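Chemist: This is run.json (JSON, C-alpha atoms).
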[["chain", "number", "residue", "atom", "x", "y", "z"],
["A", 1, "MET", "CA", -1.63, -9.10, 9.54],
["A", 2, "SER", "CA", -2.86, -5.94, 7.79],
["A", 3, "VAL", "CA", -1.61, -5.17, 4.29],
["A", 4, "PRO", "CA", 0.44, -1.95, 4.28],
["A", 5, "THR", "CA", -1.03, 1.03, 2.50],
["A", 6, "VAL", "CA", 1.24, 2.28, -0.28],
["A", 7, "LEU", "CA", 1.70, 6.06, -0.22],
["A", 8, "ILE", "CA", 2.86, 7.58, -3.52],
["A", 9, "VAL", "CA", 4.92, 10.77, -3.20],
["A", 10, "PRO", "CA", 5.56, 12.40, -6.60],
["A", 11, "GLY", "CA", 8.28, 14.89, -7.37],
["A", 12, "LEU", "CA", 8.04, 18.36, -8.93],
["A", 13, "ARG", "CA", 5.55, 17.41, -11.62],
["A", 14, "ASP", "CA", 1.91, 17.70, -12.52],
["A", 15, "HIS", "CA", -0.24, 14.62, -13.09],
["A", 16, "VAL", "CA", 1.40, 12.43, -15.76],
["A", 17, "ALA", "CA", -0.80, 9.53, -16.88],
["A", 18, "GLN", "CA", 2.13, 7.43, -18.13],
["A", 19, "HIS", "CA", 4.47, 8.03, -15.19],
["A", 20, "TRP", "CA", 5.42, 4.78, -13.45],
["A", 21, "GLN", "CA", 4.06, 6.10, -10.14],
["A", 22, "THR", "CA", 0.66, 6.78, -11.70],
["A", 23, "LEU", "CA", 0.60, 3.37, -13.35],
["A", 24, "LEU", "CA", 1.75, 1.73, -10.12],
["A", 25, "ALA", "CA", -1.04, 3.36, -8.09],
["A", 26, "ASP", "CA", -3.65, 2.24, -10.61],
["A", 27, "ARG", "CA", -2.27, -1.29, -10.75],
["A", 28, "LEU", "CA", -2.06, -1.70, -6.99],
["A", 29, "ALA", "CA", -5.57, -0.34, -6.46],
["A", 30, "THR", "CA", -6.94, -2.72, -9.08],
["A", 31, "ALA", "CA", -5.25, -5.61, -7.25],
["A", 32, "GLY", "CA", -6.86, -4.57, -3.96],
["A", 33, "THR", "CA", -3.83, -2.99, -2.28],
["A", 34, "PRO", "CA", -4.75, 0.16, -0.35],
["A", 35, "VAL", "CA", -3.13, 3.16, -2.03],
["A", 36, "ARG", "CA", -2.99, 6.86, -1.27],
["A", 37, "SER", "CA", -1.18, 9.56, -3.23],
["A", 38, "VAL", "CA", 0.13, 12.99, -2.37],
["A", 39, "PRO", "CA", -1.43, 15.16, -5.10],
["A", 40, "PRO", "CA", 1.09, 16.26, -7.74],
["A", 41, "MET", "CA", 1.71, 19.99, -7.30],
["A", 42, "GLY", "CA", 3.81, 20.87, -10.32],
["A", 43, "ARG", "CA", 6.44, 23.61, -10.24],
["A", 44, "ALA", "CA", 4.30, 26.76, -10.16],
["A", 45, "ASP", "CA", 4.35, 26.88, -6.36],
["A", 46, "LEU", "CA", 7.55, 25.35, -4.99],
["A", 47, "ASP", "CA", 6.76, 25.86, -1.29],
["A", 48, "CYS", "CA", 8.34, 22.89, 0.45],
["A", 49, "ALA", "CA", 6.33, 23.27, 3.67],
["A", 50, "THR", "CA", 3.07, 22.91, 1.72],
["A", 51, "ARG", "CA", 4.29, 19.62, 0.27],
["A", 52, "VAL", "CA", 5.53, 18.34, 3.62],
["A", 53, "ALA", "CA", 2.11, 19.13, 5.12],
["A", 54, "ALA", "CA", 0.49, 17.18, 2.27],
["A", 55, "ILE", "CA", 2.57, 14.10, 3.13],
["A", 56, "ASP", "CA", 1.54, 14.50, 6.76],
["A", 57, "ARG", "CA", -2.17, 14.71, 5.87],
["A", 58, "GLU", "CA", -2.02, 11.55, 3.79],
["A", 59, "LEU", "CA", -0.16, 9.62, 6.48],
["A", 60, "ALA", "CA", -2.58, 10.80, 9.16],
["A", 61, "ALA", "CA", -5.45, 9.34, 7.13],
["A", 62, "VAL", "CA", -3.94, 5.84, 7.13],
["A", 63, "ASP", "CA", -4.88, 3.37, 9.85],
["A", 64, "GLY", "CA", -2.14, 0.75, 9.85],
["A", 65, "PRO", "CA", 1.29, 0.22, 8.32],
["A", 66, "VAL", "CA", 2.56, 2.20, 5.35],
["A", 67, "VAL", "CA", 5.14, 1.72, 2.60],
["A", 68, "ILE", "CA", 6.14, 4.99, 0.95],
["A", 69, "VAL", "CA", 7.12, 5.21, -2.72],
["A", 70, "ALA", "CA", 8.82, 8.53, -3.47],
["A", 71, "HIS", "CA", 10.41, 9.67, -6.71],
["A", 72, "SER", "CA", 12.74, 12.55, -7.53],
["A", 73, "GLY", "CA", 11.76, 15.69, -5.59],
["A", 74, "GLY", "CA", 9.34, 13.55, -3.60],
["A", 75, "VAL", "CA", 12.37, 11.89, -2.00],
["A", 76, "ILE", "CA", 13.59, 15.26, -0.76],
["A", 77, "MET", "CA", 10.04, 16.09, 0.40],
["A", 78, "LEU", "CA", 10.02, 12.94, 2.48],
["A", 79, "ALA", "CA", 13.43, 13.75, 3.99],
["A", 80, "HIS", "CA", 12.04, 17.13, 5.05],
["A", 81, "TRP", "CA", 8.94, 15.45, 6.48],
["A", 82, "ALA", "CA", 11.09, 13.07, 8.54],
["A", 83, "ASP", "CA", 13.01, 16.12, 9.81],
["A", 84, "TRP", "CA", 9.82, 18.04, 10.67],
["A", 85, "ALA", "CA", 8.96, 18.53, 14.36],
["A", 86, "GLU", "CA", 5.17, 18.40, 13.85],
["A", 87, "ARG", "CA", 4.98, 15.24, 11.72],
["A", 88, "THR", "CA", 2.18, 12.81, 12.45],
["A", 89, "ARG", "CA", 2.51, 9.47, 14.19],
["A", 90, "ALA", "CA", 3.00, 6.85, 11.50],
["A", 91, "ASP", "CA", 3.77, 3.13, 11.28],
["A", 92, "ILE", "CA", 6.13, 3.31, 8.32],
["A", 93, "ARG", "CA", 7.52, -0.10, 7.35],
["A", 94, "GLY", "CA", 9.83, 1.41, 4.80],
["A", 95, "ALA", "CA", 10.31, 3.79, 1.90],
["A", 96, "LEU", "CA", 11.45, 3.37, -1.68],
["A", 97, "LEU", "CA", 13.43, 6.48, -2.62],
["A", 98, "ALA", "CA", 13.83, 6.46, -6.39],
["A", 99, "THR", "CA", 16.39, 8.67, -8.14],
["A", 100, "PRO", "CA", 16.76, 11.51, -5.62],
["A", 101, "PRO", "CA", 17.82, 14.74, -7.36],
["A", 102, "ASP", "CA", 20.75, 16.90, -6.36],
["A", 103, "PHE", "CA", 19.02, 20.15, -5.46],
["A", 104, "GLU", "CA", 22.29, 21.65, -4.26],
["A", 105, "THR", "CA", 23.87, 21.63, -7.74],
["A", 106, "PRO", "CA", 22.44, 23.55, -10.72],
["A", 107, "MET", "CA", 20.03, 21.36, -12.67],
["A", 108, "PRO", "CA", 19.25, 21.37, -16.41],
["A", 109, "GLU", "CA", 17.24, 24.16, -18.02],
["A", 110, "GLY", "CA", 13.55, 23.91, -17.23],
["A", 111, "TYR", "CA", 14.09, 22.85, -13.63],
["A", 112, "PRO", "CA", 14.07, 25.21, -10.62],
["A", 113, "GLY", "CA", 17.33, 26.97, -9.83],
["A", 114, "ILE", "CA", 19.18, 26.78, -6.53],
["A", 115, "GLU", "CA", 18.00, 30.23, -5.41],
["A", 116, "ALA", "CA", 14.34, 29.38, -6.09],
["A", 117, "LEU", "CA", 14.68, 26.09, -4.20],
["A", 118, "ARG", "CA", 16.39, 27.81, -1.28],
["A", 119, "ASP", "CA", 13.70, 30.51, -1.13],
["A", 120, "ALA", "CA", 11.01, 27.79, -1.14],
["A", 121, "GLY", "CA", 12.58, 25.97, 1.81],
["A", 122, "TRP", "CA", 14.14, 22.96, 0.08],
["A", 123, "LEU", "CA", 17.72, 23.77, 1.03],
["A", 124, "PRO", "CA", 19.70, 22.57, 2.75],
["A", 125, "VAL", "CA", 18.63, 19.01, 1.95],
["A", 126, "PRO", "CA", 18.14, 17.12, 5.26],
["A", 127, "ARG", "CA", 20.80, 14.50, 5.90],
["A", 128, "ALA", "CA", 19.61, 13.10, 9.23],
["A", 129, "ARG", "CA", 19.24, 9.34, 9.44],
["A", 130, "LEU", "CA", 15.68, 8.37, 8.49],
["A", 131, "PRO", "CA", 13.66, 6.78, 11.31],
["A", 132, "PHE", "CA", 12.46, 3.90, 9.12],
["A", 133, "ARG", "CA", 13.94, 1.43, 6.67],
["A", 134, "SER", "CA", 14.64, 2.91, 3.25],
["A", 135, "ILE", "CA", 16.00, 1.91, -0.13],
["A", 136, "VAL", "CA", 17.65, 4.49, -2.40],
["A", 137, "ALA", "CA", 17.32, 3.31, -6.00],
["A", 138, "ALA", "CA", 19.92, 5.30, -7.93],
["A", 139, "SER", "CA", 20.68, 5.79, -11.62],
["A", 140, "ARG", "CA", 24.14, 5.88, -13.17],
["A", 141, "ASN", "CA", 23.16, 8.48, -15.78],
["A", 142, "ASP", "CA", 20.53, 10.60, -14.02],
["A", 143, "PRO", "CA", 20.58, 14.12, -15.53],
["A", 144, "LEU", "CA", 19.41, 15.52, -12.17],
["A", 145, "ALA", "CA", 22.06, 13.94, -9.94],
["A", 146, "ARG", "CA", 25.44, 12.29, -10.19],
["A", 147, "PHE", "CA", 25.52, 8.73, -8.90],
["A", 148, "ASP", "CA", 27.99, 9.68, -6.17],
["A", 149, "CYS", "CA", 25.49, 12.23, -4.84],
["A", 150, "ALA", "CA", 22.88, 9.48, -4.47],
["A", 151, "VAL", "CA", 25.48, 7.34, -2.70],
["A", 152, "ARG", "CA", 26.21, 10.12, -0.21],
["A", 153, "LEU", "CA", 22.51, 10.73, 0.46],
["A", 154, "ALA", "CA", 21.87, 7.02, 0.96],
["A", 155, "ARG", "CA", 24.75, 6.85, 3.44],
["A", 156, "ALA", "CA", 23.50, 9.91, 5.36],
["A", 157, "TRP", "CA", 19.91, 8.64, 5.51],
["A", 158, "GLY", "CA", 20.97, 5.15, 6.56],
["A", 159, "SER", "CA", 19.41, 3.73, 3.39],
["A", 160, "GLU", "CA", 20.19, 0.60, 1.45],
["A", 161, "LEU", "CA", 21.59, 1.57, -1.95],
["A", 162, "VAL", "CA", 20.47, -0.19, -5.12],
["A", 163, "ASP", "CA", 22.38, 0.55, -8.34],
["A", 164, "LEU", "CA", 19.78, 0.56, -11.14],
["A", 165, "GLY", "CA", 22.35, 1.05, -13.87],
["A", 166, "GLU", "CA", 21.66, 3.58, -16.62],
["A", 167, "VAL", "CA", 17.95, 4.39, -16.29],
["A", 168, "GLY", "CA", 18.11, 8.17, -16.72],
["A", 169, "HIS", "CA", 15.78, 9.92, -14.28],
["A", 170, "LEU", "CA", 13.38, 6.96, -14.25],
["A", 171, "ASN", "CA", 10.58, 8.98, -15.83],
["A", 172, "PRO", "CA", 8.68, 8.94, -19.15],
["A", 173, "GLY", "CA", 11.45, 11.03, -20.72],
["A", 174, "SER", "CA", 13.83, 8.18, -19.90],
["A", 175, "GLY", "CA", 11.47, 5.48, -21.17],
["A", 176, "TYR", "CA", 9.48, 4.72, -18.01],
["A", 177, "GLY", "CA", 6.48, 3.90, -18.29],
["A", 178, "GLU", "CA", 5.97, 0.83, -16.27],
["A", 179, "TRP", "CA", 8.73, 0.07, -13.78],
["A", 180, "PRO", "CA", 8.14, -3.51, -12.57],
["A", 181, "ARG", "CA", 11.01, -3.41, -10.06],
["A", 182, "ALA", "CA", 8.97, -1.03, -7.92],
["A", 183, "ASP", "CA", 6.65, -3.93, -7.06],
["A", 184, "GLU", "CA", 9.63, -6.01, -5.90],
["A", 185, "PHE", "CA", 10.89, -3.23, -3.64],
["A", 186, "ILE", "CA", 7.40, -2.68, -2.20],
["A", 187, "ARG", "CA", 7.02, -6.37, -1.36],
["A", 188, "ASP", "CA", 10.43, -6.35, 0.30],
["A", 189, "LEU", "CA", 9.63, -3.27, 2.38],
["A", 190, "ALA", "CA", 6.13, -4.50, 3.26],
["A", 191, "ALA", "CA", 7.68, -7.62, 4.80],
["A", 192, "THR", "CA", 9.78, -5.54, 7.19],
["A", 193, "THR", "CA", 9.05, -6.52, 10.77],
["A", 194, "ALA", "CA", 6.92, -3.95, 12.53],
["A", 195, "GLY", "CA", 8.77, -1.95, 15.13],
["A", 196, "LYS", "CA", 8.05, 1.25, 16.97],
["A", 197, "PRO", "CA", 6.17, 3.94, 15.01],
["A", 198, "ALA", "CA", 8.47, 6.29, 13.17],
["A", 199, "VAL", "CA", 7.27, 9.13, 15.39],
["A", 200, "ALA", "CA", 6.03, 8.77, 18.94],
["A", 201, "ALA", "CA", 2.58, 10.10, 19.76]]
Since I need it in another form, could you write the structure as structure tokens?

Modeler:
Amino acid sequence: MSVPTVLIVPGLRDHVAQHWQTLLADRLATAGTPVRSVPPMGRADLDCATRVAAIDRELAAVDGPVVIVAHSGGVIMLAHWADWAERTRADIRGALLATPPDFETPMPEGYPGIEALRDAGWLPVPRARLPFRSIVAASRNDPLARFDCAVRLARAWGSELVDLGEVGHLNPGSGYGEWPRADEFIRDLAATTAGKPAVAA
């Protein structure tokens, strides 16, 4: 049985050496797990379609099963990809969706506003059931989303909900760094029985 490739999907950030996704990718690669990453694109160009196309390119380059690890805005990117008519054929075993933000409510200073997100194609946030297994890992004190918003998104996407407790936005500003639980979720998702590809050819 082939080992699933782990695809890292970052949020609205540039490269951050100490972000748990960066550390995870390095650690998995060192251990021999195939890893691909959607390049971080920052916040200078918010175009959602460009980011969705980047997910599609990375998935198209994988031969075999995939486990996706998305964080923050990357979760919303993935929801848009799953809702996109031209998405590639992919054998997605599952996706870890860590601390999805609430793009439909004003966020703290320094983050894009609702109008900018709408103009860039992020809104409305897709709420169709995802065509693969998914786990929403939600924080009780996330400055970018109330816990009940994460609960509603998980319900709409058909995701399993995991309450992480008070972990902020699960980023270096909240003390992460390494996030060992990501490895547990990846192992769980990787063991998911293969079914039909998420998207038919």

Chemist: As an MDAnalysis selection string, please: the residues near Asp26 (chain A) (cut-off 12 Å, only C-alpha atoms, same-chain neighbours under 3 positions excluded).

Modeler: chainID A and resid 6 8 17:23 29:37 178

Chemist: Which residues are near Pro10 (chain A)? Cut-off 12 Å, all atoms listed in the file, ignore same chain within fewer than 6 positions. Put them as a PyMOL selection string.

Modeler: chain A and resi 16+19-22+24-25+36-43+51-52+54-55+68-78+96-100+171

Chemist: Counting all atoms listed in the file, write as a PyMOL selection string all protein and nucleic acid residues lying at most 12 Å from (13.7, 12.9, 7.9) in the file's frame.

Modeler: chain A and resi 52+75-87+95+125-134+153+156-159+198-199

Chemist: Looking at A:Gly64, A:Pro124, A:Gly11, A:Pro112, which one is nearest to Leu170 (chain A), with distances taken over all atoms listed in the file?

Modeler: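 When distances to Leu170 (chain A) are compared using all atoms listed in the file, the smallest one comes from A:Gly11.
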
Chemist: Fewer than 6 positions away in the same chain doesn't count, so skip those; otherwise give me all residues within 7 Å of Leu164 (chain A), counting only C-alpha atoms, as a ChimeraX atom specification.

Modeler: /A:137-139
